[in-house]
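Below is query08.pdb, holding PDB, N, CA and C atoms.
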```
ATOM      1  N   MET A   1      45.248  61.125  16.194  1.00  0.00           N
ATOM      2  CA  MET A   1      44.347  60.000  16.270  1.00  0.00           C
ATOM      3  C   MET A   1      44.406  59.256  14.940  1.00  0.00           C
ATOM      4  N   VAL A   2      44.423  57.916  15.036  1.00  0.00           N
ATOM      5  CA  VAL A   2      44.523  57.097  13.829  1.00  0.00           C
ATOM      6  C   VAL A   2      43.162  56.478  13.519  1.00  0.00           C
ATOM      7  N   ALA A   3      42.754  56.614  12.276  1.00  0.00           N
ATOM      8  CA  ALA A   3      41.543  55.964  11.792  1.00  0.00           C
ATOM      9  C   ALA A   3      41.967  54.826  10.877  1.00  0.00           C
ATOM     10  N   ARG A   4      41.394  53.663  11.117  1.00  0.00           N
ATOM     11  CA  ARG A   4      41.657  52.499  10.280  1.00  0.00           C
ATOM     12  C   ARG A   4      40.469  52.302   9.347  1.00  0.00           C
ATOM     13  N   VAL A   5      40.767  52.183   8.062  1.00  0.00           N
ATOM     14  CA  VAL A   5      39.723  52.057   7.048  1.00  0.00           C
ATOM     15  C   VAL A   5      39.871  50.702   6.358  1.00  0.00           C
ATOM     16  N   PHE A   6      38.781  49.951   6.329  1.00  0.00           N
ATOM     17  CA  PHE A   6      38.736  48.656   5.665  1.00  0.00           C
ATOM     18  C   PHE A   6      37.778  48.786   4.476  1.00  0.00           C
ATOM     19  N   VAL A   7      38.297  48.531   3.282  1.00  0.00           N
ATOM     20  CA  VAL A   7      37.491  48.631   2.070  1.00  0.00           C
ATOM     21  C   VAL A   7      37.412  47.243   1.443  1.00  0.00           C
ATOM     22  N   THR A   8      36.181  46.790   1.181  1.00  0.00           N
ATOM     23  CA  THR A   8      35.977  45.467   0.592  1.00  0.00           C
ATOM     24  C   THR A   8      34.984  45.570  -0.560  1.00  0.00           C
ATOM     25  N   LEU A   9      35.084  44.625  -1.472  1.00  0.00           N
ATOM     26  CA  LEU A   9      34.136  44.584  -2.578  1.00  0.00           C
ATOM     27  C   LEU A   9      32.759  44.177  -2.068  1.00  0.00           C
ATOM     28  N   LYS A  10      31.742  44.744  -2.650  1.00  0.00           N
ATOM     29  CA  LYS A  10      30.377  44.352  -2.302  1.00  0.00           C
ATOM     30  C   LYS A  10      30.128  42.928  -2.789  1.00  0.00           C
ATOM     31  N   PRO A  11      29.226  42.210  -2.096  1.00  0.00           N
ATOM     32  CA  PRO A  11      28.889  40.859  -2.557  1.00  0.00           C
ATOM     33  C   PRO A  11      28.381  40.905  -4.004  1.00  0.00           C
ATOM     34  N   GLY A  12      28.782  39.939  -4.782  1.00  0.00           N
ATOM     35  CA  GLY A  12      28.332  39.859  -6.163  1.00  0.00           C
ATOM     36  C   GLY A  12      29.243  40.557  -7.160  1.00  0.00           C
ATOM     37  N   VAL A  13      30.164  41.394  -6.671  1.00  0.00           N
ATOM     38  CA  VAL A  13      31.106  42.071  -7.570  1.00  0.00           C
ATOM     39  C   VAL A  13      32.254  41.106  -7.858  1.00  0.00           C
ATOM     40  N   LEU A  14      32.559  40.914  -9.130  1.00  0.00           N
ATOM     41  CA  LEU A  14      33.635  40.002  -9.514  1.00  0.00           C
ATOM     42  C   LEU A  14      34.975  40.496  -8.980  1.00  0.00           C
ATOM     43  N   ASP A  15      35.825  39.555  -8.547  1.00  0.00           N
ATOM     44  CA  ASP A  15      37.137  39.874  -7.992  1.00  0.00           C
ATOM     45  C   ASP A  15      38.193  39.015  -8.693  1.00  0.00           C
ATOM     46  N   PRO A  16      38.664  39.442  -9.873  1.00  0.00           N
ATOM     47  CA  PRO A  16      39.639  38.635 -10.604  1.00  0.00           C
ATOM     48  C   PRO A  16      40.949  38.448  -9.840  1.00  0.00           C
ATOM     49  N   ALA A  17      41.389  39.464  -9.110  1.00  0.00           N
ATOM     50  CA  ALA A  17      42.632  39.340  -8.343  1.00  0.00           C
ATOM     51  C   ALA A  17      42.459  38.306  -7.228  1.00  0.00           C
ATOM     52  N   GLY A  18      41.325  38.331  -6.561  1.00  0.00           N
ATOM     53  CA  GLY A  18      41.045  37.344  -5.530  1.00  0.00           C
ATOM     54  C   GLY A  18      41.008  35.937  -6.100  1.00  0.00           C
ATOM     55  N   LYS A  19      40.414  35.802  -7.281  1.00  0.00           N
ATOM     56  CA  LYS A  19      40.345  34.498  -7.947  1.00  0.00           C
ATOM     57  C   LYS A  19      41.755  34.010  -8.291  1.00  0.00           C
ATOM     58  N   ALA A  20      42.635  34.914  -8.725  1.00  0.00           N
ATOM     59  CA  ALA A  20      44.016  34.534  -9.050  1.00  0.00           C
ATOM     60  C   ALA A  20      44.760  34.071  -7.791  1.00  0.00           C
ATOM     61  N   VAL A  21      44.568  34.762  -6.679  1.00  0.00           N
ATOM     62  CA  VAL A  21      45.204  34.361  -5.424  1.00  0.00           C
ATOM     63  C   VAL A  21      44.666  32.995  -4.980  1.00  0.00           C
ATOM     64  N   GLU A  22      43.369  32.821  -5.098  1.00  0.00           N
ATOM     65  CA  GLU A  22      42.744  31.537  -4.748  1.00  0.00           C
ATOM     66  C   GLU A  22      43.368  30.395  -5.556  1.00  0.00           C
ATOM     67  N   GLY A  23      43.492  30.581  -6.865  1.00  0.00           N
ATOM     68  CA  GLY A  23      44.100  29.564  -7.727  1.00  0.00           C
ATOM     69  C   GLY A  23      45.547  29.290  -7.363  1.00  0.00           C
ATOM     70  N   SER A  24      46.287  30.347  -7.048  1.00  0.00           N
ATOM     71  CA  SER A  24      47.694  30.179  -6.667  1.00  0.00           C
ATOM     72  C   SER A  24      47.825  29.417  -5.352  1.00  0.00           C
ATOM     73  N   LEU A  25      46.962  29.706  -4.402  1.00  0.00           N
ATOM     74  CA  LEU A  25      47.002  28.981  -3.129  1.00  0.00           C
ATOM     75  C   LEU A  25      46.695  27.500  -3.339  1.00  0.00           C
ATOM     76  N   HIS A  26      45.740  27.217  -4.213  1.00  0.00           N
ATOM     77  CA  HIS A  26      45.447  25.817  -4.527  1.00  0.00           C
ATOM     78  C   HIS A  26      46.667  25.156  -5.166  1.00  0.00           C
ATOM     79  N   SER A  27      47.326  25.864  -6.078  1.00  0.00           N
ATOM     80  CA  SER A  27      48.517  25.324  -6.747  1.00  0.00           C
ATOM     81  C   SER A  27      49.666  25.076  -5.774  1.00  0.00           C
ATOM     82  N   LEU A  28      49.708  25.866  -4.701  1.00  0.00           N
ATOM     83  CA  LEU A  28      50.772  25.718  -3.703  1.00  0.00           C
ATOM     84  C   LEU A  28      50.455  24.654  -2.657  1.00  0.00           C
ATOM     85  N   GLY A  29      49.322  23.968  -2.831  1.00  0.00           N
ATOM     86  CA  GLY A  29      49.016  22.877  -1.920  1.00  0.00           C
ATOM     87  C   GLY A  29      48.077  23.230  -0.780  1.00  0.00           C
ATOM     88  N   TYR A  30      47.245  24.224  -0.975  1.00  0.00           N
ATOM     89  CA  TYR A  30      46.263  24.613   0.033  1.00  0.00           C
ATOM     90  C   TYR A  30      44.849  24.411  -0.515  1.00  0.00           C
ATOM     91  N   PRO A  31      44.437  23.162  -0.702  1.00  0.00           N
ATOM     92  CA  PRO A  31      43.126  22.893  -1.305  1.00  0.00           C
ATOM     93  C   PRO A  31      41.954  23.309  -0.411  1.00  0.00           C
ATOM     94  N   GLU A  32      42.205  23.489   0.879  1.00  0.00           N
ATOM     95  CA  GLU A  32      41.136  23.866   1.802  1.00  0.00           C
ATOM     96  C   GLU A  32      40.688  25.318   1.656  1.00  0.00           C
ATOM     97  N   VAL A  33      41.459  26.114   0.906  1.00  0.00           N
ATOM     98  CA  VAL A  33      41.106  27.524   0.716  1.00  0.00           C
ATOM     99  C   VAL A  33      39.875  27.618  -0.169  1.00  0.00           C
ATOM    100  N   GLY A  34      38.891  28.355   0.306  1.00  0.00           N
ATOM    101  CA  GLY A  34      37.681  28.596  -0.474  1.00  0.00           C
ATOM    102  C   GLY A  34      37.803  29.915  -1.207  1.00  0.00           C
ATOM    103  N   LEU A  35      36.760  30.686  -1.157  1.00  0.00           N
ATOM    104  CA  LEU A  35      36.705  31.963  -1.838  1.00  0.00           C
ATOM    105  C   LEU A  35      37.710  32.954  -1.245  1.00  0.00           C
ATOM    106  N   VAL A  36      38.454  33.639  -2.100  1.00  0.00           N
ATOM    107  CA  VAL A  36      39.374  34.699  -1.664  1.00  0.00           C
ATOM    108  C   VAL A  36      38.892  36.004  -2.279  1.00  0.00           C
ATOM    109  N   ARG A  37      38.736  37.040  -1.450  1.00  0.00           N
ATOM    110  CA  ARG A  37      38.340  38.375  -1.918  1.00  0.00           C
ATOM    111  C   ARG A  37      39.375  39.353  -1.391  1.00  0.00           C
ATOM    112  N   LEU A  38      39.902  40.182  -2.269  1.00  0.00           N
ATOM    113  CA  LEU A  38      40.899  41.174  -1.876  1.00  0.00           C
ATOM    114  C   LEU A  38      40.223  42.496  -1.548  1.00  0.00           C
ATOM    115  N   GLY A  39      40.860  43.238  -0.663  1.00  0.00           N
ATOM    116  CA  GLY A  39      40.363  44.551  -0.291  1.00  0.00           C
ATOM    117  C   GLY A  39      41.532  45.490  -0.038  1.00  0.00           C
ATOM    118  N   LYS A  40      41.241  46.592   0.634  1.00  0.00           N
ATOM    119  CA  LYS A  40      42.267  47.576   0.962  1.00  0.00           C
ATOM    120  C   LYS A  40      42.190  47.880   2.448  1.00  0.00           C
ATOM    121  N   TYR A  41      43.349  48.192   3.029  1.00  0.00           N
ATOM    122  CA  TYR A  41      43.428  48.646   4.407  1.00  0.00           C
ATOM    123  C   TYR A  41      44.217  49.942   4.393  1.00  0.00           C
ATOM    124  N   LEU A  42      43.671  50.975   5.011  1.00  0.00           N
ATOM    125  CA  LEU A  42      44.342  52.265   5.063  1.00  0.00           C
ATOM    126  C   LEU A  42      44.383  52.755   6.501  1.00  0.00           C
ATOM    127  N   GLU A  43      45.438  53.473   6.871  1.00  0.00           N
ATOM    128  CA  GLU A  43      45.503  54.180   8.145  1.00  0.00           C
ATOM    129  C   GLU A  43      45.600  55.660   7.833  1.00  0.00           C
ATOM    130  N   VAL A  44      44.698  56.429   8.422  1.00  0.00           N
ATOM    131  CA  VAL A  44      44.662  57.872   8.197  1.00  0.00           C
ATOM    132  C   VAL A  44      44.823  58.549   9.553  1.00  0.00           C
ATOM    133  N   THR A  45      45.837  59.392   9.686  1.00  0.00           N
ATOM    134  CA  THR A  45      46.018  60.153  10.917  1.00  0.00           C
ATOM    135  C   THR A  45      45.201  61.432  10.816  1.00  0.00           C
ATOM    136  N   VAL A  46      44.361  61.657  11.817  1.00  0.00           N
ATOM    137  CA  VAL A  46      43.493  62.833  11.851  1.00  0.00           C
ATOM    138  C   VAL A  46      43.855  63.627  13.097  1.00  0.00           C
ATOM    139  N   GLU A  47      44.096  64.911  12.922  1.00  0.00           N
ATOM    140  CA  GLU A  47      44.515  65.744  14.049  1.00  0.00           C
ATOM    141  C   GLU A  47      43.480  66.813  14.359  1.00  0.00           C
ATOM    142  N   GLY A  48      43.360  67.145  15.632  1.00  0.00           N
ATOM    143  CA  GLY A  48      42.536  68.270  16.047  1.00  0.00           C
ATOM    144  C   GLY A  48      41.053  67.994  16.147  1.00  0.00           C
ATOM    145  N   LEU A  49      40.636  66.737  16.098  1.00  0.00           N
ATOM    146  CA  LEU A  49      39.214  66.402  16.185  1.00  0.00           C
ATOM    147  C   LEU A  49      39.011  65.322  17.242  1.00  0.00           C
ATOM    148  N   ASP A  50      37.841  65.316  17.866  1.00  0.00           N
ATOM    149  CA  ASP A  50      37.525  64.219  18.779  1.00  0.00           C
ATOM    150  C   ASP A  50      37.176  62.981  17.946  1.00  0.00           C
ATOM    151  N   ALA A  51      37.011  61.838  18.608  1.00  0.00           N
ATOM    152  CA  ALA A  51      36.814  60.565  17.904  1.00  0.00           C
ATOM    153  C   ALA A  51      35.573  60.565  17.022  1.00  0.00           C
ATOM    154  N   VAL A  52      34.491  61.139  17.505  1.00  0.00           N
ATOM    155  CA  VAL A  52      33.243  61.139  16.725  1.00  0.00           C
ATOM    156  C   VAL A  52      33.399  61.973  15.458  1.00  0.00           C
ATOM    157  N   LYS A  53      33.976  63.154  15.592  1.00  0.00           N
ATOM    158  CA  LYS A  53      34.163  64.031  14.426  1.00  0.00           C
ATOM    159  C   LYS A  53      35.206  63.450  13.477  1.00  0.00           C
ATOM    160  N   ALA A  54      36.255  62.838  14.033  1.00  0.00           N
ATOM    161  CA  ALA A  54      37.286  62.231  13.180  1.00  0.00           C
ATOM    162  C   ALA A  54      36.684  61.106  12.334  1.00  0.00           C
ATOM    163  N   LYS A  55      35.850  60.266  12.960  1.00  0.00           N
ATOM    164  CA  LYS A  55      35.224  59.175  12.215  1.00  0.00           C
ATOM    165  C   LYS A  55      34.332  59.711  11.108  1.00  0.00           C
ATOM    166  N   ALA A  56      33.569  60.754  11.415  1.00  0.00           N
ATOM    167  CA  ALA A  56      32.689  61.350  10.406  1.00  0.00           C
ATOM    168  C   ALA A  56      33.497  61.915   9.241  1.00  0.00           C
ATOM    169  N   ARG A  57      34.615  62.561   9.538  1.00  0.00           N
ATOM    170  CA  ARG A  57      35.449  63.135   8.469  1.00  0.00           C
ATOM    171  C   ARG A  57      36.058  62.042   7.598  1.00  0.00           C
ATOM    172  N   VAL A  58      36.531  60.978   8.226  1.00  0.00           N
ATOM    173  CA  VAL A  58      37.141  59.893   7.446  1.00  0.00           C
ATOM    174  C   VAL A  58      36.075  59.180   6.615  1.00  0.00           C
ATOM    175  N   GLU A  59      34.880  59.006   7.147  1.00  0.00           N
ATOM    176  CA  GLU A  59      33.792  58.430   6.347  1.00  0.00           C
ATOM    177  C   GLU A  59      33.493  59.304   5.139  1.00  0.00           C
ATOM    178  N   GLU A  60      33.543  60.607   5.329  1.00  0.00           N
ATOM    179  CA  GLU A  60      33.355  61.544   4.213  1.00  0.00           C
ATOM    180  C   GLU A  60      34.460  61.357   3.174  1.00  0.00           C
ATOM    181  N   MET A  61      35.704  61.179   3.646  1.00  0.00           N
ATOM    182  CA  MET A  61      36.836  60.946   2.742  1.00  0.00           C
ATOM    183  C   MET A  61      36.633  59.657   1.944  1.00  0.00           C
ATOM    184  N   CYS A  62      36.104  58.641   2.611  1.00  0.00           N
ATOM    185  CA  CYS A  62      35.849  57.365   1.936  1.00  0.00           C
ATOM    186  C   CYS A  62      34.833  57.536   0.815  1.00  0.00           C
ATOM    187  N   LYS A  63      33.771  58.260   1.106  1.00  0.00           N
ATOM    188  CA  LYS A  63      32.717  58.463   0.108  1.00  0.00           C
ATOM    189  C   LYS A  63      33.206  59.272  -1.079  1.00  0.00           C
ATOM    190  N   LYS A  64      34.152  60.184  -0.845  1.00  0.00           N
ATOM    191  CA  LYS A  64      34.635  61.056  -1.921  1.00  0.00           C
ATOM    192  C   LYS A  64      35.838  60.499  -2.674  1.00  0.00           C
ATOM    193  N   LEU A  65      36.685  59.683  -1.989  1.00  0.00           N
ATOM    194  CA  LEU A  65      37.935  59.294  -2.642  1.00  0.00           C
ATOM    195  C   LEU A  65      38.413  57.879  -2.312  1.00  0.00           C
ATOM    196  N   LEU A  66      38.385  57.492  -1.062  1.00  0.00           N
ATOM    197  CA  LEU A  66      39.070  56.267  -0.646  1.00  0.00           C
ATOM    198  C   LEU A  66      38.366  54.980  -1.044  1.00  0.00           C
ATOM    199  N   ALA A  67      37.064  55.040  -1.253  1.00  0.00           N
ATOM    200  CA  ALA A  67      36.310  53.848  -1.658  1.00  0.00           C
ATOM    201  C   ALA A  67      35.412  54.197  -2.837  1.00  0.00           C
ATOM    202  N   ASN A  68      35.262  53.261  -3.724  1.00  0.00           N
ATOM    203  CA  ASN A  68      34.313  53.407  -4.827  1.00  0.00           C
ATOM    204  C   ASN A  68      33.003  52.800  -4.334  1.00  0.00           C
ATOM    205  N   THR A  69      32.127  53.641  -3.820  1.00  0.00           N
ATOM    206  CA  THR A  69      30.922  53.154  -3.151  1.00  0.00           C
ATOM    207  C   THR A  69      29.930  52.455  -4.084  1.00  0.00           C
ATOM    208  N   VAL A  70      30.173  52.497  -5.378  1.00  0.00           N
ATOM    209  CA  VAL A  70      29.317  51.753  -6.310  1.00  0.00           C
ATOM    210  C   VAL A  70      29.594  50.261  -6.172  1.00  0.00           C
ATOM    211  N   VAL A  71      30.861  49.887  -5.996  1.00  0.00           N
ATOM    212  CA  VAL A  71      31.227  48.471  -5.946  1.00  0.00           C
ATOM    213  C   VAL A  71      31.910  48.059  -4.638  1.00  0.00           C
ATOM    214  N   GLU A  72      32.173  49.015  -3.741  1.00  0.00           N
ATOM    215  CA  GLU A  72      32.891  48.701  -2.505  1.00  0.00           C
ATOM    216  C   GLU A  72      32.127  49.168  -1.271  1.00  0.00           C
ATOM    217  N   ASN A  73      32.297  48.420  -0.194  1.00  0.00           N
ATOM    218  CA  ASN A  73      31.841  48.828   1.130  1.00  0.00           C
ATOM    219  C   ASN A  73      33.064  49.280   1.913  1.00  0.00           C
ATOM    220  N   PHE A  74      32.840  50.082   2.944  1.00  0.00           N
ATOM    221  CA  PHE A  74      33.952  50.471   3.810  1.00  0.00           C
ATOM    222  C   PHE A  74      33.504  50.494   5.255  1.00  0.00           C
ATOM    223  N   ARG A  75      34.495  50.324   6.141  1.00  0.00           N
ATOM    224  CA  ARG A  75      34.264  50.404   7.577  1.00  0.00           C
ATOM    225  C   ARG A  75      35.381  51.241   8.178  1.00  0.00           C
ATOM    226  N   VAL A  76      35.056  52.153   9.073  1.00  0.00           N
ATOM    227  CA  VAL A  76      36.036  53.032   9.707  1.00  0.00           C
ATOM    228  C   VAL A  76      36.062  52.749  11.197  1.00  0.00           C
ATOM    229  N   GLU A  77      37.265  52.561  11.739  1.00  0.00           N
ATOM    230  CA  GLU A  77      37.472  52.410  13.180  1.00  0.00           C
ATOM    231  C   GLU A  77      38.419  53.503  13.632  1.00  0.00           C
ATOM    232  N   VAL A  78      38.042  54.223  14.660  1.00  0.00           N
ATOM    233  CA  VAL A  78      38.889  55.305  15.170  1.00  0.00           C
ATOM    234  C   VAL A  78      39.306  54.953  16.593  1.00  0.00           C
ATOM    235  N   GLY A  79      40.578  55.151  16.872  1.00  0.00           N
ATOM    236  CA  GLY A  79      41.032  54.863  18.233  1.00  0.00           C
ATOM    237  C   GLY A  79      42.515  55.056  18.391  1.00  0.00           C
TER     238      GLY A  79
END
```
Please express what this file holds, its structure, as structure tokens.
Amino acid sequence: MVARVFVTLKPGVLDPAGKAVEGSLHSLGYPEVGLVRLGKYLEVTVEGLDAVKAKARVEEMCKKLLANTVVENFRVEVG
């Protein structure tokens, strides 16, 4: 079973990389681009668990390692 993890910065946390991408897009002729925020996408294969338990385990992994919960939010989708 594959769990998809989306990690994003919490609102209000500065994103210098996102700001650099935003500036580059403007320089390339895309003035309509507004705020750009970068995040992470991970796929984790979980074996031997049903969907509910797999999601709980991956959320635990996020809290311990995959996301910095002080400055990042995460969302887990299992399917």
Determine, counting only N, CA and C atoms, which protein, DNA and RNA residues have an atom within 6.5 Å of an atom of segment 34-41 of chain A; residues of the same chain fewer than 2 positions away are not included. Present the result as a list in words. Val5, Phe6, Val7, Thr8, Leu9, Asp15, Ala17, Gly18, Lys19, Val21, Glu22, Pro31, Glu32 and Glu43 of chain A
Nearest to Val2 of chain A among A:Val33, A:Cys62, A:Val46, A:Leu25, with distances taken over only N, CA and C atoms: which residue is it? A:Val46
Enumerate the residues of chain A with a DSSP assignment of alpha helix (DSSP H), computed from the backbone, and present them as a CSV table (one decimal) with N, CA and C atoms, in the frame of the given file.
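What landed in part-v7.csv:
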```csv
chain,number,residue,atom,x,y,z
A,16,PRO,N,38.7,39.4,-9.9
A,16,PRO,CA,39.6,38.6,-10.6
A,16,PRO,C,40.9,38.4,-9.8
A,17,ALA,N,41.4,39.5,-9.1
A,17,ALA,CA,42.6,39.3,-8.3
A,17,ALA,C,42.5,38.3,-7.2
A,18,GLY,N,41.3,38.3,-6.6
A,18,GLY,CA,41.0,37.3,-5.5
A,18,GLY,C,41.0,35.9,-6.1
A,19,LYS,N,40.4,35.8,-7.3
A,19,LYS,CA,40.3,34.5,-7.9
A,19,LYS,C,41.8,34.0,-8.3
A,20,ALA,N,42.6,34.9,-8.7
A,20,ALA,CA,44.0,34.5,-9.0
A,20,ALA,C,44.8,34.1,-7.8
A,21,VAL,N,44.6,34.8,-6.7
A,21,VAL,CA,45.2,34.4,-5.4
A,21,VAL,C,44.7,33.0,-5.0
A,22,GLU,N,43.4,32.8,-5.1
A,22,GLU,CA,42.7,31.5,-4.7
A,22,GLU,C,43.4,30.4,-5.6
A,23,GLY,N,43.5,30.6,-6.9
A,23,GLY,CA,44.1,29.6,-7.7
A,23,GLY,C,45.5,29.3,-7.4
A,24,SER,N,46.3,30.3,-7.0
A,24,SER,CA,47.7,30.2,-6.7
A,24,SER,C,47.8,29.4,-5.4
A,25,LEU,N,47.0,29.7,-4.4
A,25,LEU,CA,47.0,29.0,-3.1
A,25,LEU,C,46.7,27.5,-3.3
A,26,HIS,N,45.7,27.2,-4.2
A,26,HIS,CA,45.4,25.8,-4.5
A,26,HIS,C,46.7,25.2,-5.2
A,27,SER,N,47.3,25.9,-6.1
A,27,SER,CA,48.5,25.3,-6.7
A,27,SER,C,49.7,25.1,-5.8
A,51,ALA,N,37.0,61.8,18.6
A,51,ALA,CA,36.8,60.6,17.9
A,51,ALA,C,35.6,60.6,17.0
A,52,VAL,N,34.5,61.1,17.5
A,52,VAL,CA,33.2,61.1,16.7
A,52,VAL,C,33.4,62.0,15.5
A,53,LYS,N,34.0,63.2,15.6
A,53,LYS,CA,34.2,64.0,14.4
A,53,LYS,C,35.2,63.4,13.5
A,54,ALA,N,36.3,62.8,14.0
A,54,ALA,CA,37.3,62.2,13.2
A,54,ALA,C,36.7,61.1,12.3
A,55,LYS,N,35.8,60.3,13.0
A,55,LYS,CA,35.2,59.2,12.2
A,55,LYS,C,34.3,59.7,11.1
A,56,ALA,N,33.6,60.8,11.4
A,56,ALA,CA,32.7,61.4,10.4
A,56,ALA,C,33.5,61.9,9.2
A,57,ARG,N,34.6,62.6,9.5
A,57,ARG,CA,35.4,63.1,8.5
A,57,ARG,C,36.1,62.0,7.6
A,58,VAL,N,36.5,61.0,8.2
A,58,VAL,CA,37.1,59.9,7.4
A,58,VAL,C,36.1,59.2,6.6
A,59,GLU,N,34.9,59.0,7.1
A,59,GLU,CA,33.8,58.4,6.3
A,59,GLU,C,33.5,59.3,5.1
A,60,GLU,N,33.5,60.6,5.3
A,60,GLU,CA,33.4,61.5,4.2
A,60,GLU,C,34.5,61.4,3.2
A,61,MET,N,35.7,61.2,3.6
A,61,MET,CA,36.8,60.9,2.7
A,61,MET,C,36.6,59.7,1.9
```
Atomic distance atom C of Ala51 of chain A - atom CA of Pro11 of chain A, expressed in Å with one decimal: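 Rounded to one decimal, the two atoms are 28.6 Å apart.
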Write out as a compact mmCIF listing (two decimals) with N, CA and C atoms, in the frame of the given file each polymer residue whose atoms come within 12 Å of Thr69 of chain A, counting only C-alpha atoms; drop sequence neighbours fewer than 3 positions from it.
```
# COMPACT_ATOMS: atom_id res chain seq x y z
N VAL A 7 38.30 48.53 3.28
CA VAL A 7 37.49 48.63 2.07
C VAL A 7 37.41 47.24 1.44
N THR A 8 36.18 46.79 1.18
CA THR A 8 35.98 45.47 0.59
C THR A 8 34.98 45.57 -0.56
N LEU A 9 35.08 44.62 -1.47
CA LEU A 9 34.14 44.58 -2.58
C LEU A 9 32.76 44.18 -2.07
N LYS A 10 31.74 44.74 -2.65
CA LYS A 10 30.38 44.35 -2.30
C LYS A 10 30.13 42.93 -2.79
N VAL A 13 30.16 41.39 -6.67
CA VAL A 13 31.11 42.07 -7.57
C VAL A 13 32.25 41.11 -7.86
N GLU A 59 34.88 59.01 7.15
CA GLU A 59 33.79 58.43 6.35
C GLU A 59 33.49 59.30 5.14
N GLU A 60 33.54 60.61 5.33
CA GLU A 60 33.35 61.54 4.21
C GLU A 60 34.46 61.36 3.17
N MET A 61 35.70 61.18 3.65
CA MET A 61 36.84 60.95 2.74
C MET A 61 36.63 59.66 1.94
N CYS A 62 36.10 58.64 2.61
CA CYS A 62 35.85 57.36 1.94
C CYS A 62 34.83 57.54 0.82
N LYS A 63 33.77 58.26 1.11
CA LYS A 63 32.72 58.46 0.11
C LYS A 63 33.21 59.27 -1.08
N LYS A 64 34.15 60.18 -0.84
CA LYS A 64 34.64 61.06 -1.92
C LYS A 64 35.84 60.50 -2.67
N LEU A 65 36.68 59.68 -1.99
CA LEU A 65 37.94 59.29 -2.64
C LEU A 65 38.41 57.88 -2.31
N LEU A 66 38.38 57.49 -1.06
CA LEU A 66 39.07 56.27 -0.65
C LEU A 66 38.37 54.98 -1.04
N GLU A 72 32.17 49.02 -3.74
CA GLU A 72 32.89 48.70 -2.50
C GLU A 72 32.13 49.17 -1.27
N ASN A 73 32.30 48.42 -0.19
CA ASN A 73 31.84 48.83 1.13
C ASN A 73 33.06 49.28 1.91
N PHE A 74 32.84 50.08 2.94
CA PHE A 74 33.95 50.47 3.81
C PHE A 74 33.50 50.49 5.26
N ARG A 75 34.49 50.32 6.14
CA ARG A 75 34.26 50.40 7.58
C ARG A 75 35.38 51.24 8.18
```
Show me, as a ChimeraX atom specification, the residues that have an atom within 12 Å of Glu47 of chain A when counting only C-alpha atoms, minus same-chain residues fewer than 2 positions from it. /A:1-3,44-45,49-51,53-55,57-58,78
If you measure from atom C of Leu42 of chain A to atom N of Val71 of chain A, what distance in Å do you get, rounded to one decimal?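 That distance, rounded to one decimal, is 18.6 Å.
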Strand (DSSP E) per DSSP on the backbone: members of chain A, as a PyMOL selection string: chain A and resi 2-9+39-45+72-78
Just give me the gap between atom CA of Leu14 of chain A and atom CA of His26 of chain A in Å, one decimal is fine.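 Distance between the two atoms: 19.1 Å.
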